[in-house]
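Participant: Here it is, the structure, as structure tokens.
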Amino acid sequence: MATAKKSATKKTETKKTAAKKTATKKTASDKVEEKKPAATKKTAKKKDLTVAEKLDSLYELQRIDSEIDRIRTVRGELPLEVEDLEAEVEGLEKRIAKINDEIKELETDISDRKNANKEAESAIKKYKEQQNNVRNNREFESISKEIEYQELEIKLNEKKSKEAKAKIEQKKEILEEAVARKEFRAEDLKTKKAELDEIIAETQTQEEKLDKKSKSALKAMDPRIANAYARLRESAKNGLAVVPVDRDSCGGCFNKIPPQRQLDIETKKKLITCEHCGRILVPSEKED
Ligand SMILES: [Zn+2]
């Protein structure tokens, strides 16, 4: 059988070559006439595709285009996530720096008070020595008041230092939390960024490949069908121009399809569109 078919094809080819040879022999004036049948032949070849084949290639094209849409959606969300994380990490870094500054300020205040107290103590020491050499009571009382004043200063500084130390402890707790949160978010950011980079690298080639496939599939189609598809895809939600029947309904708008129409869709003898949304309908997907 196969051999018979092969030889038959060969015969046709030989015939074609012979015809071509004859054509070449024709004069230039005949060339205009020659073009017409060639064009008809080309159209005829495209028309040779059965409706079922046309529907299959349409649905295949839809699958390719839907995959391109999906890739674009995935990539569309990740950069935003990464951006949000970057902003959060940056905010936390600023907060950490601010808390650290506040702690430093409090520590400076404590050490300043410590120095002031040292000075006050040596002043008291000096005053006490002076008290040993006073000439009268009034002088003694006056120095006593100075000592008292210095002692009050020391007490005030001690109180303020204690308060500052408590504040530092509080701030250190907040700082610890912020640092932990920042580290967690920074780690998250690192992962998401790597994911994004990977997706970009991965999807770029995939997308380019699919884009090429889509374009050549569209080119191979009857221009009228290709145009209808492109128009439908542009206007339809989710870019769906070709949809399978889903539970007796259009897979695009979910309106019920009459049984006779479903039968026509199933046999793939005619190109049938949804009465409600205009999408091209193909038989329901069989689960395998
Ligand atoms: Zn519909």
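How things are named: the first chain in the structure tokens is A, the next is B, and so on; residues count from 1 in each chain; ligands count from 1 in the order shown.
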Please identify every polymer residue within 10 Å of ligand 1, using only C-alpha atoms and all ligand atoms, and present the set as a list in words.
Facilitator: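 These are the residues that qualify: Ala236, Ala241, Val242, Val243, Pro244, Val245, Ser249, Cys250, Gly251, Gly252, Cys253, Phe254, Asn255, Lys256, Ile257, Thr273, Cys274, Glu275, His276, Cys277, Gly278, Arg279, Ile280 and Leu281 of chain A.
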Participant: Hey, could you make a per-residue contact list for region 32-143 of chain A against region 174-188 of chain A with 7 Å as the cut-off, showing the nearest pair of atoms and its distance in Å to one decimal, counting only C-alpha atoms, sorted by chain and number, as a tab-separated table?
Facilitator:
residue	atom	partner	partner_atom	distance
A:Leu85	CA	A:Arg185	CA	6.8
A:Val89	CA	A:Lys182	CA	5.7
A:Leu92	CA	A:Lys182	CA	5.9
A:Ile96	CA	A:Leu175	CA	6.1
A:Ile99	CA	A:Leu175	CA	6.5
Participant: Between A:Ser66, A:Glu285, A:Phe140, A:Lys213, which one has atoms that come closest to Arg247 (chain A), using only C-alpha atoms?
Facilitator: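 Checking each of A:Ser66, A:Glu285, A:Phe140, A:Lys213 against Arg247 (chain A), counting only C-alpha atoms, the winner is A:Glu285.
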Participant: Please provide as a PyMOL selection string all residues within 8 Å of region 102-117 of chain A, with the sequence filter that same-chain residues fewer than 3 positions apart are discarded (counting only C-alpha atoms).
Facilitator: chain A and resi 98-99+120-121+153-154+157-158+160-161+164-165+167-168+171-172
Participant: How would the residues just picked look written out with N, CA and C atoms as a tab-separated table (two decimals), in the first residue's frame?
Facilitator:
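Full text of part.tsv as output:
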chain	number	residue	atom	x	y	z
A	98	LYS	N	17.73	55.45	63.28
A	98	LYS	CA	17.15	56.47	64.16
A	98	LYS	C	17.22	56.02	65.63
A	99	ILE	N	16.85	54.78	65.87
A	99	ILE	CA	16.88	54.27	67.25
A	99	ILE	C	18.32	54.26	67.77
A	120	ALA	N	31.27	67.91	90.48
A	120	ALA	CA	30.52	68.33	91.68
A	120	ALA	C	31.16	67.73	92.94
A	121	GLU	N	31.59	66.48	92.86
A	121	GLU	CA	32.21	65.84	94.02
A	121	GLU	C	33.53	66.49	94.39
A	153	GLU	N	22.55	68.66	92.81
A	153	GLU	CA	22.90	68.46	91.40
A	153	GLU	C	23.26	66.99	91.13
A	154	ILE	N	24.07	66.45	92.05
A	154	ILE	CA	24.48	65.04	91.92
A	154	ILE	C	23.26	64.13	91.92
A	157	ASN	N	21.34	64.47	88.69
A	157	ASN	CA	22.03	63.76	87.59
A	157	ASN	C	21.86	62.26	87.71
A	158	GLU	N	21.91	61.78	88.93
A	158	GLU	CA	21.75	60.33	89.14
A	158	GLU	C	20.36	59.88	88.72
A	160	LYS	N	18.34	61.42	86.59
A	160	LYS	CA	18.21	61.53	85.13
A	160	LYS	C	18.94	60.39	84.40
A	161	SER	N	20.10	60.02	84.96
A	161	SER	CA	20.87	58.92	84.36
A	161	SER	C	20.10	57.61	84.45
A	164	ALA	N	17.48	57.67	81.89
A	164	ALA	CA	18.06	57.47	80.56
A	164	ALA	C	18.40	55.99	80.33
A	165	LYS	N	18.92	55.35	81.39
A	165	LYS	CA	19.26	53.93	81.27
A	165	LYS	C	18.01	53.09	80.99
A	167	LYS	N	15.34	54.16	79.52
A	167	LYS	CA	14.95	54.46	78.13
A	167	LYS	C	15.79	53.67	77.15
A	168	ILE	N	17.10	53.57	77.45
A	168	ILE	CA	18.00	52.81	76.58
A	168	ILE	C	17.54	51.35	76.50
A	171	LYS	N	14.55	51.13	74.30
A	171	LYS	CA	14.90	51.34	72.90
A	171	LYS	C	15.65	50.13	72.33
A	172	LYS	N	16.46	49.51	73.19
A	172	LYS	CA	17.20	48.34	72.72
A	172	LYS	C	16.25	47.20	72.36
Participant: Please determine, counting only C-alpha atoms, which residue among A:Ser122, A:Thr73, A:Ser144, A:Ser57 has the shortest atom-to-atom distance to Ser216 (chain A).
Facilitator: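 When distances to Ser216 (chain A) are compared using only C-alpha atoms, the smallest one comes from A:Ser57.
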Participant: Rounded to one decimal place, report the CA of Lys159 (chain A)-CA of Lys118 (chain A) distance in Å.
Facilitator: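 A separation of 15.2 Å between them.
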Participant: Grab the CA of Lys190 (chain A) to CA of Val82 (chain A) distance for me, in Å with one decimal place.
Facilitator: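 Answer for the CA of Lys190 (chain A) to CA of Val82 (chain A) separation: 8.9 Å.
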Participant: Name the closest residue to Asp56 (chain A) among the candidates A:Asn227, A:Glu234, A:Met221, A:Ala201; distances are taken between atoms, counting only C-alpha atoms.
Facilitator: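 Using only C-alpha atoms, the shortest distance to Asp56 (chain A) belongs to A:Met221.
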Participant: Between A:Gln170, A:Arg63, A:Ser142, A:Gln150, which one has atoms that come closest to Lys125 (chain A), using only C-alpha atoms?
Facilitator: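 For Lys125 (chain A), the nearest of the candidates is A:Gln150.
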Participant: Enumerate as a ChimeraX atom specification all residues of region 85-281 of chain A assigned to alpha helix (DSSP H) by DSSP on the backbone, naming them with the chain letters and numbers the document uses.
Facilitator: /A:85-131,137-219,223-235,259-267
Participant: May I have the selected residues written with C-alpha atoms, as a short mmCIF file (atom, residue, chain, number, x, y, z; two decimals), in the first residue's frame?
Facilitator:
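Written out: again-v5.cif:
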data_model
loop_
_atom_site.label_atom_id
_atom_site.label_comp_id
_atom_site.auth_asym_id
_atom_site.auth_seq_id
_atom_site.Cartn_x
_atom_site.Cartn_y
_atom_site.Cartn_z
CA LEU A 85 9.88 44.54 50.10
CA GLU A 86 12.67 46.90 49.08
CA ALA A 87 10.67 49.83 50.47
CA GLU A 88 9.97 47.96 53.71
CA VAL A 89 13.61 47.00 54.22
CA GLU A 90 14.68 50.55 53.50
CA GLY A 91 12.12 51.88 56.00
CA LEU A 92 13.32 49.47 58.66
CA GLU A 93 16.94 50.43 58.05
CA LYS A 94 16.04 54.08 58.56
CA ARG A 95 14.17 53.21 61.73
CA ILE A 96 17.10 51.19 63.08
CA ALA A 97 19.50 54.06 62.36
CA LYS A 98 17.15 56.47 64.16
CA ILE A 99 16.88 54.27 67.25
CA ASN A 100 20.66 53.85 67.31
CA ASP A 101 21.06 57.63 67.20
CA GLU A 102 18.61 58.03 70.06
CA ILE A 103 20.48 55.46 72.15
CA LYS A 104 23.76 57.22 71.43
CA GLU A 105 22.24 60.51 72.50
CA LEU A 106 21.05 59.01 75.78
CA GLU A 107 24.46 57.43 76.40
CA THR A 108 26.14 60.78 75.79
CA ASP A 109 23.71 62.34 78.29
CA ILE A 110 24.60 59.69 80.88
CA SER A 111 28.35 60.19 80.44
CA ASP A 112 27.92 63.97 80.55
CA ARG A 113 26.08 63.65 83.87
CA LYS A 114 28.75 61.30 85.15
CA ASN A 115 31.41 63.92 84.37
CA ALA A 116 29.30 66.64 85.93
CA ASN A 117 28.98 64.58 89.11
CA LYS A 118 32.73 64.04 89.26
CA GLU A 119 33.19 67.79 89.05
CA ALA A 120 30.52 68.33 91.68
CA GLU A 121 32.21 65.84 94.02
CA SER A 122 35.58 67.49 93.70
CA ALA A 123 33.89 70.85 94.25
CA ILE A 124 32.29 69.49 97.42
CA LYS A 125 35.69 68.24 98.56
CA LYS A 126 37.14 71.69 97.98
CA TYR A 127 34.25 73.39 99.81
CA LYS A 128 34.67 71.07 102.78
CA GLU A 129 38.35 72.01 102.99
CA GLN A 130 37.37 75.66 102.82
CA GLN A 131 34.96 75.15 105.69
CA ASN A 137 29.54 81.35 110.85
CA ARG A 138 28.16 83.26 107.94
CA GLU A 139 30.99 82.07 105.72
CA PHE A 140 30.48 78.52 106.92
CA GLU A 141 26.73 78.68 106.13
CA SER A 142 27.38 80.11 102.71
CA ILE A 143 29.76 77.26 101.86
CA SER A 144 27.28 74.76 103.28
CA LYS A 145 24.66 76.08 100.88
CA GLU A 146 27.07 75.57 97.99
CA ILE A 147 27.73 72.01 99.12
CA GLU A 148 24.02 71.41 99.42
CA TYR A 149 23.47 72.77 95.93
CA GLN A 150 26.18 70.46 94.51
CA GLU A 151 24.71 67.48 96.30
CA LEU A 152 21.31 68.25 94.83
CA GLU A 153 22.90 68.46 91.40
CA ILE A 154 24.48 65.04 91.92
CA LYS A 155 21.13 63.58 92.95
CA LEU A 156 19.37 65.12 89.97
CA ASN A 157 22.03 63.76 87.59
CA GLU A 158 21.75 60.33 89.14
CA LYS A 159 17.99 60.39 88.75
CA LYS A 160 18.21 61.53 85.13
CA SER A 161 20.87 58.92 84.36
CA LYS A 162 18.66 56.21 85.78
CA GLU A 163 15.81 57.36 83.61
CA ALA A 164 18.06 57.47 80.56
CA LYS A 165 19.26 53.93 81.27
CA ALA A 166 15.67 52.73 81.43
CA LYS A 167 14.95 54.46 78.13
CA ILE A 168 18.00 52.81 76.58
CA GLU A 169 16.74 49.40 77.67
CA GLN A 170 13.37 50.13 76.12
CA LYS A 171 14.90 51.34 72.90
CA LYS A 172 17.20 48.34 72.72
CA GLU A 173 14.17 46.07 72.85
CA ILE A 174 12.50 47.96 70.00
CA LEU A 175 15.79 47.93 68.12
CA GLU A 176 16.12 44.19 68.49
CA GLU A 177 12.65 43.69 67.07
CA ALA A 178 13.33 46.03 64.17
CA VAL A 179 16.63 44.31 63.37
CA ALA A 180 15.01 40.87 63.44
CA ARG A 181 12.20 42.09 61.21
CA LYS A 182 14.62 43.73 58.82
CA GLU A 183 16.73 40.57 58.57
CA PHE A 184 13.62 38.51 57.90
CA ARG A 185 12.39 40.90 55.24
CA ALA A 186 15.84 41.23 53.69
CA GLU A 187 15.98 37.45 53.37
CA ASP A 188 12.51 37.46 51.83
CA LEU A 189 13.60 40.17 49.43
CA LYS A 190 16.69 38.21 48.43
CA THR A 191 14.58 35.15 47.61
CA LYS A 192 11.92 37.11 45.71
CA LYS A 193 14.54 39.04 43.77
CA ALA A 194 16.29 35.84 42.75
CA GLU A 195 12.92 34.40 41.79
CA LEU A 196 12.14 37.45 39.72
CA ASP A 197 15.52 37.37 38.00
CA GLU A 198 15.02 33.70 37.27
CA ILE A 199 11.51 34.24 35.94
CA ILE A 200 12.66 37.10 33.78
CA ALA A 201 15.49 35.02 32.35
CA GLU A 202 13.29 31.96 32.02
CA THR A 203 10.19 33.61 30.62
CA GLN A 204 12.05 35.79 28.21
CA THR A 205 13.18 32.86 26.13
CA GLN A 206 9.89 31.07 26.66
CA GLU A 207 7.91 34.13 25.72
CA GLU A 208 9.99 34.77 22.62
CA LYS A 209 9.53 31.15 21.57
CA LEU A 210 5.77 31.28 22.13
CA ASP A 211 5.55 34.61 20.38
CA LYS A 212 7.24 33.16 17.31
CA LYS A 213 4.94 30.14 17.41
CA SER A 214 1.89 32.37 17.74
CA LYS A 215 2.94 34.57 14.84
CA SER A 216 3.66 31.68 12.48
CA ALA A 217 0.41 29.94 13.48
CA LEU A 218 -1.50 33.13 12.76
CA LYS A 219 0.28 33.52 9.42
CA PRO A 223 -6.47 35.70 6.79
CA ARG A 224 -10.18 36.18 7.48
CA ILE A 225 -10.12 33.71 10.35
CA ALA A 226 -6.84 35.19 11.62
CA ASN A 227 -8.38 38.66 11.64
CA ALA A 228 -11.51 37.46 13.39
CA TYR A 229 -9.35 35.74 15.99
CA ALA A 230 -7.22 38.83 16.56
CA ARG A 231 -10.30 41.03 16.89
CA LEU A 232 -11.99 38.63 19.29
CA ARG A 233 -8.89 38.33 21.42
CA GLU A 234 -8.56 42.05 21.68
CA SER A 235 -12.15 42.62 22.74
CA PRO A 259 -28.18 20.99 22.28
CA GLN A 260 -28.28 21.15 18.46
CA ARG A 261 -25.55 23.76 18.45
CA GLN A 262 -23.50 21.64 20.83
CA LEU A 263 -23.81 18.76 18.43
CA ASP A 264 -22.60 20.96 15.56
CA ILE A 265 -19.64 22.05 17.67
CA GLU A 266 -18.83 18.46 18.59
CA THR A 267 -18.70 17.31 14.95
#
